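Coordinates as given in target27.cif (mmCIF, C-alpha atoms):
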data_structure
loop_
_atom_site.label_atom_id
_atom_site.label_comp_id
_atom_site.auth_asym_id
_atom_site.auth_seq_id
_atom_site.Cartn_x
_atom_site.Cartn_y
_atom_site.Cartn_z
CA MET A 1 130.22 115.91 138.69
CA ALA A 2 129.91 119.47 140.02
CA TYR A 3 128.83 119.84 143.62
CA GLY A 4 126.63 122.80 142.75
CA MET A 5 124.36 120.22 141.04
CA MET A 6 124.75 117.80 143.99
CA ARG A 7 125.30 114.07 143.71
CA LYS A 8 122.23 111.86 143.73
CA VAL A 9 123.95 108.89 145.33
CA THR A 10 124.19 109.13 149.13
CA ARG A 11 127.80 109.84 150.02
CA ARG A 12 129.53 110.88 153.23
CA LEU A 13 130.82 114.43 152.94
CA MET A 14 133.63 115.80 155.12
CA LEU A 15 133.96 119.58 155.38
CA LEU A 16 137.20 121.01 156.74
CA ASP A 17 137.26 124.36 158.53
CA THR A 18 140.70 124.76 157.02
CA ALA A 19 141.96 127.85 158.85
CA SER A 20 140.85 126.42 162.19
CA LEU A 21 142.82 123.26 161.45
CA TYR A 22 146.00 124.89 160.19
CA PHE A 23 146.03 127.23 163.21
CA ARG A 24 145.85 124.13 165.43
CA ALA A 25 148.56 122.47 163.38
CA TYR A 26 150.75 125.57 163.72
CA PHE A 27 150.47 125.63 167.50
CA GLY A 28 150.60 121.84 167.84
CA VAL A 29 153.67 121.08 165.71
CA PRO A 30 157.04 122.60 166.73
CA GLU A 31 158.46 125.44 164.61
CA SER A 32 161.63 123.37 164.38
CA VAL A 33 159.86 121.51 161.55
CA LYS A 34 161.35 123.46 158.64
CA ALA A 35 161.87 123.37 154.89
CA PRO A 36 165.41 122.87 153.51
CA ASP A 37 165.85 126.67 153.36
CA GLY A 38 164.96 127.02 157.06
CA THR A 39 161.39 128.28 156.58
CA PRO A 40 158.98 126.83 159.17
CA VAL A 41 156.49 124.41 157.60
CA ASN A 42 154.92 123.12 160.82
CA ALA A 43 151.40 124.23 159.81
CA VAL A 44 151.74 122.71 156.34
CA ARG A 45 152.98 119.35 157.54
CA GLY A 46 150.63 119.33 160.52
CA LEU A 47 147.61 119.94 158.29
CA LEU A 48 148.66 117.13 155.92
CA GLU A 49 148.94 114.79 158.91
CA PHE A 50 145.50 115.93 160.13
CA ILE A 51 143.93 115.17 156.75
CA ASP A 52 145.69 111.80 156.58
CA ARG A 53 144.32 110.81 159.98
CA LEU A 54 140.81 112.07 159.19
CA VAL A 55 140.63 110.14 155.91
CA ARG A 56 142.01 106.95 157.50
CA ASP A 57 139.71 107.07 160.50
CA HIS A 58 136.48 108.33 158.94
CA ARG A 59 136.66 107.32 155.25
CA PRO A 60 134.68 110.16 153.67
CA ASP A 61 133.60 109.77 150.05
CA ASP A 62 133.84 113.51 149.45
CA LEU A 63 136.16 116.07 151.06
CA LEU A 64 136.16 119.85 150.80
CA ALA A 65 138.63 122.30 152.30
CA CYS A 66 136.50 125.34 153.15
CA MET A 67 138.37 128.66 153.24
CA ASP A 68 137.88 132.15 154.66
CA ALA A 69 137.66 134.36 151.55
CA ASP A 70 136.70 137.07 154.07
CA TRP A 71 137.39 136.32 157.72
CA ARG A 72 135.43 139.41 158.91
CA PRO A 73 132.66 140.18 156.40
CA GLN A 74 131.58 143.81 156.27
CA TRP A 75 127.90 142.86 156.45
CA ARG A 76 128.51 141.32 159.87
CA VAL A 77 130.60 144.28 161.05
CA GLU A 78 127.83 146.71 160.03
CA LEU A 79 125.44 144.83 162.30
CA ILE A 80 127.83 144.33 165.26
CA PRO A 81 130.88 146.68 164.91
CA SER A 82 132.80 144.81 167.64
CA TYR A 83 132.69 141.59 165.60
CA LYS A 84 136.28 140.22 165.58
CA ALA A 85 137.54 143.81 165.95
CA HIS A 86 140.26 142.76 168.41
CA ARG A 87 141.79 140.48 165.76
CA VAL A 88 142.31 143.19 163.13
CA ALA A 89 146.01 143.74 162.39
CA GLU A 90 145.44 146.40 159.72
CA GLU A 91 142.31 148.06 158.37
CA ARG A 92 142.00 148.25 154.58
CA GLU A 93 139.79 150.54 152.51
CA ALA A 94 139.40 147.93 149.78
CA GLY A 95 138.98 144.24 150.53
CA PRO A 96 138.98 142.43 153.87
CA ASP A 97 140.93 143.85 156.81
CA GLU A 98 144.17 142.03 157.56
CA GLU A 99 143.81 139.48 160.35
CA GLU A 100 146.39 139.23 163.11
CA VAL A 101 148.27 136.02 162.27
CA PRO A 102 151.65 134.84 163.64
CA ASP A 103 154.52 136.00 161.41
CA THR A 104 155.71 132.46 160.72
CA LEU A 105 152.23 131.19 159.88
CA SER A 106 151.25 133.72 157.21
CA PRO A 107 153.83 132.53 154.64
CA GLN A 108 152.66 128.93 155.09
CA VAL A 109 149.06 129.61 154.01
CA PRO A 110 149.85 129.96 150.26
CA VAL A 111 151.93 126.77 150.49
CA ILE A 112 148.97 124.95 152.04
CA GLU A 113 146.74 126.17 149.21
CA ASP A 114 149.25 125.10 146.54
CA VAL A 115 149.65 121.64 148.06
CA LEU A 116 145.89 121.08 148.35
CA ASP A 117 145.46 122.16 144.72
CA ALA A 118 148.22 119.86 143.49
CA LEU A 119 146.74 116.97 145.46
CA GLY A 120 143.31 117.61 143.98
CA ILE A 121 141.57 118.32 147.29
CA ALA A 122 138.96 120.92 146.40
CA ARG A 123 139.24 124.31 148.12
CA VAL A 124 136.18 126.54 148.34
CA GLY A 125 136.10 130.14 149.49
CA VAL A 126 133.45 132.66 148.47
CA GLU A 127 134.04 136.42 148.42
CA GLY A 128 132.26 138.18 151.27
CA TYR A 129 131.83 135.04 153.38
CA GLU A 130 133.66 133.10 156.05
CA ALA A 131 134.47 129.41 155.85
CA ASP A 132 131.66 128.85 158.40
CA ASP A 133 129.16 130.16 155.85
CA VAL A 134 130.55 127.95 153.09
CA ILE A 135 130.29 124.98 155.47
CA GLY A 136 126.75 125.97 156.42
CA THR A 137 125.64 126.12 152.79
CA PHE A 138 127.25 122.83 151.77
CA THR A 139 125.66 121.23 154.83
CA ALA A 140 122.23 122.63 153.96
CA ARG A 141 122.48 121.24 150.42
CA ALA A 142 123.98 117.84 151.27
CA LYS A 143 121.86 114.79 150.53
CA GLY A 144 123.81 112.42 152.79
CA PRO A 145 125.66 112.48 156.13
CA VAL A 146 128.11 115.31 156.84
CA ASP A 147 131.15 115.41 159.12
CA ILE A 148 132.29 118.97 159.90
CA VAL A 149 135.86 119.11 161.22
CA THR A 150 136.49 122.30 163.16
CA GLY A 151 137.97 123.69 166.33
CA ASP A 152 135.27 126.37 166.33
CA ARG A 153 132.27 125.65 168.54
CA ASP A 154 130.15 128.11 166.53
CA LEU A 155 129.50 125.31 164.06
CA TYR A 156 127.75 123.23 166.73
CA GLN A 157 124.63 125.04 165.51
CA LEU A 158 124.66 122.81 162.39
CA VAL A 159 124.44 119.51 164.33
CA ASP A 160 121.37 117.57 163.20
CA ASP A 161 120.97 113.89 164.07
CA ALA A 162 118.07 113.39 161.68
CA ARG A 163 120.25 114.43 158.74
CA GLY A 164 123.44 112.79 160.00
CA VAL A 165 125.25 116.08 160.51
CA ARG A 166 127.84 116.04 163.29
CA VAL A 167 130.88 118.06 164.28
CA LEU A 168 134.26 116.41 164.81
CA TYR A 169 135.96 118.72 167.30
CA PRO A 170 139.70 118.13 167.82
CA LEU A 171 140.69 117.79 171.47
CA LYS A 172 144.30 116.79 170.86
CA GLY A 173 145.52 116.97 167.28
CA VAL A 174 142.92 115.04 165.34
CA GLY A 175 143.79 111.73 166.98
CA THR A 176 141.30 112.54 169.72
CA LEU A 177 138.07 113.95 168.35
CA GLN A 178 134.95 114.89 170.25
CA LEU A 179 132.02 113.51 168.23
CA THR A 180 129.48 116.25 168.70
CA ASP A 181 125.90 115.15 168.12
CA GLU A 182 122.60 116.21 169.67
CA ALA A 183 123.09 113.96 172.71
CA PHE A 184 126.41 115.67 173.44
CA LEU A 185 124.92 119.16 173.03
CA ARG A 186 121.97 118.38 175.29
CA GLY A 187 124.21 116.81 177.90
CA LYS A 188 126.69 119.70 178.00
CA TYR A 189 124.60 122.74 177.07
CA GLY A 190 120.97 121.64 177.34
CA VAL A 191 120.23 122.61 173.72
CA ASP A 192 120.10 121.11 170.22
CA GLY A 193 121.98 122.44 167.19
CA PRO A 194 119.82 125.49 166.40
CA GLY A 195 119.52 126.15 170.12
CA TYR A 196 123.29 126.46 170.35
CA ALA A 197 123.20 129.58 168.14
CA ASP A 198 120.67 131.19 170.51
CA LEU A 199 122.78 130.14 173.51
CA ALA A 200 125.93 131.68 171.98
CA LEU A 201 124.08 134.88 171.12
CA LEU A 202 122.77 135.33 174.66
CA ARG A 203 125.97 134.49 176.56
CA GLY A 204 128.27 136.28 174.09
CA ASP A 205 131.63 135.19 172.74
CA PRO A 206 134.71 137.32 173.58
CA SER A 207 136.79 135.46 170.98
CA ASP A 208 134.48 136.81 168.26
CA GLY A 209 133.82 140.18 169.86
CA LEU A 210 130.15 139.38 170.56
CA PRO A 211 129.03 141.14 173.76
CA GLY A 212 126.03 138.95 174.58
CA VAL A 213 123.34 140.07 177.01
CA PRO A 214 124.97 141.49 180.18
CA GLY A 215 124.26 139.31 183.18
CA ILE A 216 123.08 136.34 181.08
CA GLY A 217 125.77 133.67 181.22
CA GLU A 218 125.77 130.22 179.69
CA LYS A 219 123.82 128.49 182.47
CA THR A 220 121.17 131.18 182.62
CA ALA A 221 120.86 131.21 178.84
CA ALA A 222 120.38 127.42 178.83
CA LYS A 223 117.68 127.68 181.52
CA LEU A 224 115.85 130.40 179.61
CA LEU A 225 115.94 128.37 176.40
CA ALA A 226 114.64 125.31 178.25
CA GLU A 227 111.82 127.40 179.70
CA PHE A 228 110.82 129.43 176.64
CA GLY A 229 111.99 127.31 173.70
CA ASP A 230 114.08 129.70 171.64
CA LEU A 231 115.24 133.31 171.39
CA ALA A 232 111.87 134.48 170.05
CA GLY A 233 110.12 132.77 172.95
CA ILE A 234 112.44 134.44 175.46
CA MET A 235 111.85 137.90 173.99
CA ALA A 236 108.09 137.29 173.93
CA ALA A 237 108.35 136.46 177.64
CA VAL A 238 109.94 139.88 178.25
CA ASP A 239 106.66 141.46 177.11
CA ASP A 240 104.52 138.99 179.06
CA THR A 241 104.19 140.25 182.61
CA THR A 242 102.95 136.82 183.72
CA SER A 243 106.07 134.97 182.48
CA LYS A 244 108.54 133.42 184.90
CA LEU A 245 111.39 135.80 184.11
CA THR A 246 112.92 137.43 187.16
CA PRO A 247 112.75 141.23 187.28
CA ALA A 248 116.52 141.41 186.71
CA GLN A 249 116.35 139.09 183.68
CA ARG A 250 113.44 141.02 182.22
CA LYS A 251 115.31 144.31 182.62
CA ARG A 252 118.55 142.98 181.10
CA LEU A 253 116.83 141.42 178.11
CA ASP A 254 114.68 144.49 177.55
CA GLU A 255 117.75 146.75 177.53
CA ALA A 256 119.51 144.37 175.14
CA ARG A 257 116.77 144.52 172.47
CA PRO A 258 118.90 146.41 169.91
CA TYR A 259 121.65 143.76 170.16
CA VAL A 260 119.19 140.84 170.17
CA ALA A 261 117.49 142.19 167.05
CA LEU A 262 120.75 142.28 165.03
CA ALA A 263 122.87 139.49 166.48
CA PRO A 264 121.07 136.46 164.97
CA GLU A 265 122.25 137.37 161.47
CA VAL A 266 125.83 137.65 162.77
CA VAL A 267 125.84 134.50 164.90
CA ARG A 268 124.02 132.13 162.56
CA VAL A 269 126.04 130.78 159.68
CA ALA A 270 124.70 131.50 156.22
CA ALA A 271 122.97 128.71 154.32
CA ASP A 272 122.60 130.53 151.00
CA VAL A 273 126.17 131.27 149.89
CA PRO A 274 126.53 131.28 146.07
CA LEU A 275 128.72 128.18 145.80
CA PRO A 276 130.90 127.49 142.77
CA ASP A 277 130.66 124.21 140.90
CA VAL A 278 133.32 121.95 142.37
CA ASP A 279 134.11 118.24 142.38
CA PRO A 280 134.37 117.16 146.02
CA GLY A 281 135.44 113.61 145.27
CA LEU A 282 138.35 112.39 147.37
CA PRO A 283 141.33 112.19 144.99
CA ARG A 284 142.98 108.77 144.63
CA THR A 285 145.97 110.19 142.75
CA PRO A 286 147.37 113.76 142.67
CA ARG A 287 145.79 116.17 140.22
CA ASP A 288 149.21 117.64 139.35
CA PRO A 289 152.01 115.16 140.23
CA ALA A 290 154.80 117.35 138.83
CA ALA A 291 153.71 120.39 140.84
CA LEU A 292 153.31 118.24 143.94
CA ASP A 293 156.82 116.81 143.55
CA GLY A 294 158.21 120.33 143.25
CA LEU A 295 156.37 121.49 146.36
CA ALA A 296 157.45 118.41 148.31
CA THR A 297 161.10 119.04 147.45
CA ARG A 298 161.07 122.79 147.99
CA TRP A 299 159.24 122.67 151.31
CA GLY A 300 160.54 119.36 152.64
CA LEU A 301 157.12 117.79 153.09
CA GLY A 302 158.60 114.31 153.37
CA GLY A 303 156.73 111.64 155.28
CA SER A 304 153.70 113.86 156.01
CA LEU A 305 152.84 114.06 152.32
CA GLN A 306 153.80 110.47 151.52
CA ARG A 307 151.56 109.07 154.24
CA LEU A 308 148.61 111.10 152.94
CA LEU A 309 149.26 109.95 149.37
CA THR A 310 149.33 106.34 150.56
CA THR A 311 146.06 106.80 152.43
CA LEU A 312 144.35 108.47 149.47
CA GLY A 313 145.46 105.71 147.14
CA ALA A 314 144.35 102.89 149.45
#

Representation of the structure as structure tokens:
Amino acid sequence: MAYGMMRKVTRRLMLLDTASLYFRAYFGVPESVKAPDGTPVNAVRGLLEFIDRLVRDHRPDDLLACMDADWRPQWRVELIPSYKAHRVAEEREAGPDEEEVPDTLSPQVPVIEDVLDALGIARVGVEGYEADDVIGTFTARAKGPVDIVTGDRDLYQLVDDARGVRVLYPLKGVGTLQLTDEAFLRGKYGVDGPGYADLALLRGDPSDGLPGVPGIGEKTAAKLLAEFGDLAGIMAAVDDTTSKLTPAQRKRLDEARPYVALAPEVVRVAADVPLPDVDPGLPRTPRDPAALDGLATRWGLGGSLQRLLTTLGA
């Protein structure tokens, strides 16, 4: 059944932030893990081991590998030109700019895609959107609980206890996962899921090229959100001379109005991506056994692939 139509039976959906996970696999598995021809396959094998562990430990009914069809969408860059600018390896007139990726990782990405396809694990990327946006839209449409597996804290904004949406954040491989729910967010940041997006907007995020509001760090942002509720409440307080903002806070927020007006669209993940019809069902047997055998032999996927196949068939 196509996921665009959504399943009526309540099922647990697992959404993989695939690039986040294969980057972690690349840096977590030694480059000495190579194919028979000497090509590093540490990211490929590491990702297969991640998926094996996730399926064994969390038993999702449905699994989707969400991809970055565009890691730096132009519509976000037009709003905040610094967005991910420091990660551009080469600007292109047509299509997405080339992202700075380690030389020995880039060739592994097509292999990862081929292996997922041969296994029958659905991959979803949508032109003009990041994987975060694909994840946000699948989450918004899901009828049952959702586990989002990512090393990107931006997706904390999707956490919603009432809907059973949580983030599984890898601390060490995927053997140690931080189960991020509303209690965790409130304990660490003093906000809920939607509040995390406002917190990130105010404090900024150098890794994404988001400047934030100068002089408003994480603790101050959390206090302001606790006091005034949300970003709109904070900005309303700037115009209210009787509010409890300090003169310095009022001045900084007032000067940051142009950024604050545009940043929400950049920081918040989209929930209206035009998703393709896709079957998210966890495959019990490979979709293309012959292709998978060829990939396993060529790239020396060995025990990593066999363990995942055993887990899927269990």

List the spatial neighbours of Ser207 in chain A as a list in words - criterion: any atom at most 9 Å away, all atoms listed in the file, same-chain residues fewer than 2 positions off excluded. Lys84, His86, Arg87, Asp205, Gly209 and Leu210 of chain A

Run the PyMOL selection byres ((chain A and resi 141-152) around 8) on the file and write out the hits as number ranges by chain. A: 6-8, 10-18, 20-21, 24, 135, 137-140, 153-155, 163-170

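Distance-wise, CA of Val159 in chain A and CA of Thr176 in chain A end up 19.0 Å apart.
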
Leaving out Phe23 in chain A and any residue of its chain fewer than 3 positions from it, which residues lie within 9 Å of it when counting all atoms listed in the file, given as a PDB file with C-alpha atoms, keeping the file's coordinate frame?
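Output (around.pdb):
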ATOM      1  CA  THR A  18     140.700 124.760 157.020  1.00  0.00           C
ATOM      2  CA  ALA A  19     141.960 127.850 158.850  1.00  0.00           C
ATOM      3  CA  SER A  20     140.850 126.420 162.190  1.00  0.00           C
ATOM      4  CA  TYR A  26     150.750 125.570 163.720  1.00  0.00           C
ATOM      5  CA  PHE A  27     150.470 125.630 167.500  1.00  0.00           C
ATOM      6  CA  GLY A  28     150.600 121.840 167.840  1.00  0.00           C
ATOM      7  CA  ALA A  43     151.400 124.230 159.810  1.00  0.00           C
ATOM      8  CA  LEU A  47     147.610 119.940 158.290  1.00  0.00           C
ATOM      9  CA  LEU A 105     152.230 131.190 159.880  1.00  0.00           C
TER      10      LEU A 105
END

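Separating CA of Lys188 in chain A from CA of Ser243 in chain A is a distance of 26.0 Å.
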